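**Q** This is the structure I have questions about; it appears just below.
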Amino acid sequence: MNCRSEVLEVSVEGRQVEEAMLAVLHTVLLHRSTGKFHYKKEGTYSIGTVGIQDVDCDFIDFTYVRVSSDELDRALRKVVGEFKDALRNSGGDGLGQMSLEFYQKKKSRWPFSDECIPWEVWTVKVHVVALATEQERQICREKVGEKLCEKIINIVEVMSRHEYLPKMPTQSEVDNVFDTGLRDVQPYLYKISFQITDALGTSVTTTMRRLIKDTLAL
Amino acid sequence: METDLNSQDRKDLDKFIKFFALKTVQVIVQARLGEKICTRSSSSPTGSDWFNLAIKDIPEVTHEAKKALSGQLPAVGRSMCVEISLKTSEGDSMELEIWCLEMNEKCDKEIKVSYTVYNRLSLLLKSLLAITRVTPAYRLSRKQGHEYVILYRIYFGEVQLNGLGEGFQTVRVGTVGTPVGTITLSCAYRINLAFMSTRQFERTPPIMGIIIDHFVDRPYPSSSPMHPCNYRTGEDAGVTYPSVEDSQEVCTTSFSTSPPSQLSSSRLSYQPAVLGLGSADLAYPVVFTAGLNTTHTHQLMVPGKEGGVPLAPNQPAHGTQADQERLVTHAPSDGTHCAATPSSSEDTETVSNSSEGRASPHDVLETIFVRKVGAFVNKPINQVTLTSLDIPFAMFAPKNLELEDADPMKPAFSKDDILPMDLGTFYREFQNPPQLSSLSIDIGAQSMAEDLDSLPEKLAVHEKNVREFDAFVETLQ
């Protein structure tokens, strides 16, 4: 099974990074979350209800929909905040990317640990721009809003292809497919990572490592 | 195309499509109410949330959708359309978007109805939730208030895109294959309002900016959309939504045809139709429906037992069967839904248990609408700036703050004593300015060689005066 990979790119001002990332991540997770499963006897299950809510952005002329789960929102805000801080502190070109990876766990026999097999990866590349005037910022608010609209349409287009999704699991297997730790919703198992990149797209840490190696080799 | 679908699957599929259509309408209309939507997740299934999504049902909207469907389902050549339009306080209106739920002939015979189709319809509803926030009408609807309101109209049959103007764009929300055809959900939306504004008024911000800057004026600090005062009577608690027959009687006596507008012929569809002809042609203000929401939704909530019915005992089955059945028991039997004219027993599904004969919000709504349509007349365009543009949406153009004084607009850079003329006259007079002298033919006729010949002389002069130039530069620093 091949892992499906989708890449989105956005150019935003520094203060828009968080909201732009949350808009994209929440839109993907809206489609990749279901209600809580309640297994019964005879191997059947019922599904809870997913609530939805609108979120207005403060720095972008944009509104997105997310699942009504404060736990999920907090988890995303935490990692997006870390990404924003890393971008700001990197002092580089203002380039970075976040990856939202959906995976399945495959049980392995002892002593091997469980394998995580990704089946869908969303990568959002961010370019932070610096703006000088208030007029530029106002235009940026609108332009980034329009760009995010395009990204949402792109995401929905991918979702509508109805490509591979993990099979609905039995009760014993549900934790291999879904994140059952949240109280109110049940997203597919996911992990979020980020990296700060330089202009060539390589990770900054990789570049530093290469520089040091080259220096020592002299 | 029919397949060898068993009767239970066929019944399930019809039910899914019907409720999907109803939920689609709810999502679209609620996204144009002008307020943020928030519903709660529930870890335990309530049994009343179709497609495992908490989407409230505004009774009036469900009523209109059912009236439009008249017991039919979207099929090939029979689409369900939700038209979103804007109506200004001056009575002008314009179509903004058409949402289409269609069916084509491409069948997926292998797909499992009760499981895969249901889940994919749920996914499609989520996509619809996302897409309804990204079309231009969303931001317009969030700013609706005194200057304009957003209306919706549901119709069934052939898709009518004429009213969207030239160059409208389409976005596909998604598709779901079923054994009887492929369900497609898409949106066609107008773009030429923004196009006209940015083309004609180059100095002004984009249309969204205009609306934000000039026409958002909510006197009330609450987050709920502004209603005209006489709409508020609809917000009384416990108001009962009338049965279809009652509203039809009211409508037939209350409405009259209005003179056609000077604008495109599609506007005629906004004239209040004499109901009883079948489809719901009337456009309802979306803002009004918000007021009806709370009480009825609350009354509609039926505490349900846990869902979950074994479909295939050996494997985890989608526990929706019980949900469907419970929903069906709320309503009259399917036979009633399929009837051409909904019977009064429809009330049990869309209306709360109260059945007072009080004046309903629907009555009030209809009456108000008639009065509003009375204002839907040809109006001379007062603003000189727009005379040549032929758009009645004067409000979407930047206007002077002293507009209400009915004084013609003056150029911002002009003072009365220097250039006492209105903007239209100024524009006409100066739109063909004389050519610059430096670009005249005499100068242009000089050859390049002559220019080069004169260069050494000019350089010599500049070198002589270099000290003067340096001194001048120093004074600047």
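Chain labels follow the order of the structure tokens: the first chain is A, the next B, and so on; residue numbering restarts at 1 in every chain, and ligands are counted from 1 in their shown order.
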Which chain A residues have any atom within 6 Å of an atom of chain B, and for each, what is the nearest pair of atoms with distance in Å to one decimal, counting only C-alpha atoms, rows sorted by chain and number, as a tab-separated table?
**A**
residue	atom	partner	partner_atom	distance
A:Lys36	CA	B:Ser43	CA	5.3
A:Glu42	CA	B:Pro313	CA	5.3
A:Gly43	CA	B:Pro316	CA	5.0
A:Thr44	CA	B:Pro316	CA	4.4
A:Tyr45	CA	B:Gly319	CA	5.5
A:Ser46	CA	B:Gly319	CA	4.4
A:Ile47	CA	B:Pro45	CA	5.9
A:Gly48	CA	B:Pro45	CA	4.1
A:Thr49	CA	B:Asn52	CA	4.5
A:Val50	CA	B:Ser41	CA	4.5
A:Gly51	CA	B:Ser41	CA	3.9
A:Ile52	CA	B:Thr39	CA	5.4
A:Gln53	CA	B:Cys38	CA	4.1
A:Asp54	CA	B:Lys36	CA	5.5
A:Val65	CA	B:Ala130	CA	5.9
A:Ser68	CA	B:Ser41	CA	5.8
A:Cys149	CA	B:Val134	CA	5.0
A:Val156	CA	B:Ser127	CA	5.8
A:Ser160	CA	B:Gly174	CA	4.9
A:Thr170	CA	B:Pro316	CA	5.9
A:Asp184	CA	B:Ser43	CA	4.9
**Q** Tell me which protein, DNA and RNA residues are within 6 Å of Gly94 of chain A, counting only C-alpha atoms, leaving out same-chain ones fewer than 2 positions away, and put them as an NGL selection string.
**A** :A and (92 or 127-128)
**Q** Those same residues, written as a PDB file, in the first residue's frame with C-alpha atoms?
**A**
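File written: result_38.pdb
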ATOM      1  CA  GLY A  92      16.576  31.993   8.523  1.00  0.00           C
ATOM      2  CA  HIS A 127       6.935  30.987   3.648  1.00  0.00           C
ATOM      3  CA  VAL A 128       6.899  33.876   6.065  1.00  0.00           C
TER       4      VAL A 128
END
**Q** Given only C-alpha atoms as the basis, pick out the residue of A:Leu189, A:Ile152, A:Cys140, A:Leu182 nearest to Arg74 of chain A.
**A** A:Leu182
**Q** Can you pull out every residue from segment 30-107 of chain A that DSSP, working from the backbone, puts in strand (DSSP E), and format the result as a ChimeraX atom specification?
**A** /A:33-35,37-39,45-47,52-56,63-67,95-106
**Q** Would you give me, as a tab-separated table, each residue of segment 4-48 of chain A having an atom within 12 Å of an atom of segment 96-107 of chain A, along with its shortest atom pair and that distance in Å to one decimal, using only C-alpha atoms and sorting by chain and residue number?
**A**
residue	atom	partner	partner_atom	distance
A:Arg4	CA	A:Phe102	CA	9.7
A:Ser5	CA	A:Glu101	CA	9.0
A:Glu6	CA	A:Ser99	CA	9.7
A:Val7	CA	A:Ser99	CA	9.0
A:Leu8	CA	A:Gln97	CA	9.5
A:Glu9	CA	A:Gln97	CA	8.7
A:Val10	CA	A:Gln97	CA	9.8
A:Ser11	CA	A:Gly96	CA	10.6
A:Val12	CA	A:Gly96	CA	11.5
A:Gly14	CA	A:Gly96	CA	11.9
A:Val17	CA	A:Gly96	CA	10.5
A:Glu18	CA	A:Met98	CA	11.3
A:Ala20	CA	A:Met98	CA	11.5
A:Met21	CA	A:Met98	CA	8.2
A:Leu22	CA	A:Met98	CA	10.8
A:Val24	CA	A:Leu100	CA	10.0
A:Leu25	CA	A:Leu100	CA	7.4
A:His26	CA	A:Leu100	CA	10.5
A:Thr27	CA	A:Leu100	CA	11.6
A:Val28	CA	A:Leu100	CA	8.9
A:Leu29	CA	A:Leu100	CA	9.3
A:His31	CA	A:Phe102	CA	12.0
A:Arg32	CA	A:Phe102	CA	8.8
A:Ser33	CA	A:Phe102	CA	11.1
**Q** Keeping N, CA, C and O atoms, export the residues of the selection given above as an mmCIF file, in the first residue's frame.
**A**
data_model
loop_
_atom_site.group_PDB
_atom_site.id
_atom_site.type_symbol
_atom_site.label_atom_id
_atom_site.label_comp_id
_atom_site.auth_asym_id
_atom_site.auth_seq_id
_atom_site.Cartn_x
_atom_site.Cartn_y
_atom_site.Cartn_z
ATOM 1 N N ARG A 4 -0.371 8.032 0.496
ATOM 2 C CA ARG A 4 -0.817 9.164 -0.302
ATOM 3 C C ARG A 4 -0.184 10.422 0.273
ATOM 4 O O ARG A 4 -0.190 10.628 1.486
ATOM 5 N N SER A 5 0.327 11.276 -0.604
ATOM 6 C CA SER A 5 1.008 12.469 -0.114
ATOM 7 C C SER A 5 0.454 13.703 -0.805
ATOM 8 O O SER A 5 0.334 13.728 -2.025
ATOM 9 N N GLU A 6 0.090 14.687 -0.034
ATOM 10 C CA GLU A 6 -0.420 15.938 -0.590
ATOM 11 C C GLU A 6 0.399 17.088 -0.023
ATOM 12 O O GLU A 6 0.714 17.103 1.170
ATOM 13 N N VAL A 7 0.714 18.036 -0.880
ATOM 14 C CA VAL A 7 1.540 19.171 -0.459
ATOM 15 C C VAL A 7 0.799 20.462 -0.748
ATOM 16 O O VAL A 7 0.266 20.644 -1.837
ATOM 17 N N LEU A 8 0.772 21.327 0.242
ATOM 18 C CA LEU A 8 0.170 22.655 0.074
ATOM 19 C C LEU A 8 1.215 23.696 0.436
ATOM 20 O O LEU A 8 2.042 23.463 1.319
ATOM 21 N N GLU A 9 1.147 24.838 -0.221
ATOM 22 C CA GLU A 9 2.094 25.906 0.086
ATOM 23 C C GLU A 9 1.357 27.192 0.364
ATOM 24 O O GLU A 9 0.378 27.515 -0.325
ATOM 25 N N VAL A 10 1.821 27.903 1.373
ATOM 26 C CA VAL A 10 1.221 29.203 1.695
ATOM 27 C C VAL A 10 2.325 30.211 1.995
ATOM 28 O O VAL A 10 3.361 29.852 2.554
ATOM 29 N N SER A 11 2.060 31.449 1.613
ATOM 30 C CA SER A 11 2.946 32.547 1.999
ATOM 31 C C SER A 11 2.158 33.470 2.906
ATOM 32 O O SER A 11 1.100 33.963 2.522
ATOM 33 N N VAL A 12 2.667 33.667 4.095
ATOM 34 C CA VAL A 12 1.911 34.441 5.087
ATOM 35 C C VAL A 12 2.841 35.374 5.827
ATOM 36 O O VAL A 12 4.065 35.225 5.822
ATOM 37 N N GLY A 14 4.138 36.884 9.485
ATOM 38 C CA GLY A 14 4.466 36.157 10.707
ATOM 39 C C GLY A 14 3.280 35.901 11.625
ATOM 40 O O GLY A 14 3.074 34.794 12.129
ATOM 41 N N VAL A 17 0.780 32.948 10.715
ATOM 42 C CA VAL A 17 1.223 31.553 10.595
ATOM 43 C C VAL A 17 0.294 30.610 11.341
ATOM 44 O O VAL A 17 -0.171 29.602 10.792
ATOM 45 N N GLU A 18 0.025 30.941 12.581
ATOM 46 C CA GLU A 18 -0.775 30.021 13.406
ATOM 47 C C GLU A 18 -2.145 29.772 12.816
ATOM 48 O O GLU A 18 -2.579 28.629 12.675
ATOM 49 N N ALA A 20 -3.264 30.255 9.780
ATOM 50 C CA ALA A 20 -3.247 29.569 8.485
ATOM 51 C C ALA A 20 -3.032 28.071 8.683
ATOM 52 O O ALA A 20 -3.716 27.238 8.066
ATOM 53 N N MET A 21 -2.103 27.721 9.563
ATOM 54 C CA MET A 21 -1.835 26.294 9.801
ATOM 55 C C MET A 21 -3.029 25.612 10.448
ATOM 56 O O MET A 21 -3.414 24.499 10.074
ATOM 57 N N LEU A 22 -3.639 26.283 11.417
ATOM 58 C CA LEU A 22 -4.796 25.680 12.082
ATOM 59 C C LEU A 22 -5.938 25.483 11.099
ATOM 60 O O LEU A 22 -6.651 24.475 11.137
ATOM 61 N N VAL A 24 -5.794 24.866 7.917
ATOM 62 C CA VAL A 24 -5.540 23.702 7.053
ATOM 63 C C VAL A 24 -5.647 22.413 7.857
ATOM 64 O O VAL A 24 -6.329 21.457 7.448
ATOM 65 N N LEU A 25 -5.002 22.372 9.003
ATOM 66 C CA LEU A 25 -4.993 21.124 9.792
ATOM 67 C C LEU A 25 -6.402 20.763 10.251
ATOM 68 O O LEU A 25 -6.806 19.592 10.192
ATOM 69 N N HIS A 26 -7.151 21.737 10.712
ATOM 70 C CA HIS A 26 -8.504 21.446 11.169
ATOM 71 C C HIS A 26 -9.401 20.991 10.026
ATOM 72 O O HIS A 26 -10.265 20.124 10.218
ATOM 73 N N THR A 27 -9.212 21.563 8.857
ATOM 74 C CA THR A 27 -10.038 21.144 7.719
ATOM 75 C C THR A 27 -9.742 19.686 7.372
ATOM 76 O O THR A 27 -10.659 18.903 7.103
ATOM 77 N N VAL A 28 -8.487 19.315 7.390
ATOM 78 C CA VAL A 28 -8.145 17.918 7.099
ATOM 79 C C VAL A 28 -8.710 17.008 8.189
ATOM 80 O O VAL A 28 -9.324 15.970 7.907
ATOM 81 N N LEU A 29 -8.536 17.408 9.428
ATOM 82 C CA LEU A 29 -9.001 16.552 10.527
ATOM 83 C C LEU A 29 -10.520 16.494 10.612
ATOM 84 O O LEU A 29 -11.083 15.508 11.095
ATOM 85 N N HIS A 31 -12.357 16.069 8.115
ATOM 86 C CA HIS A 31 -12.695 14.971 7.215
ATOM 87 C C HIS A 31 -12.176 13.635 7.712
ATOM 88 O O HIS A 31 -12.624 12.588 7.269
ATOM 89 N N ARG A 32 -11.212 13.675 8.593
ATOM 90 C CA ARG A 32 -10.578 12.440 9.038
ATOM 91 C C ARG A 32 -10.909 12.118 10.491
ATOM 92 O O ARG A 32 -10.149 11.422 11.172
ATOM 93 N N SER A 33 -12.034 12.641 10.952
ATOM 94 C CA SER A 33 -12.485 12.328 12.307
ATOM 95 C C SER A 33 -13.896 11.787 12.243
ATOM 96 O O SER A 33 -14.707 12.207 11.413
#
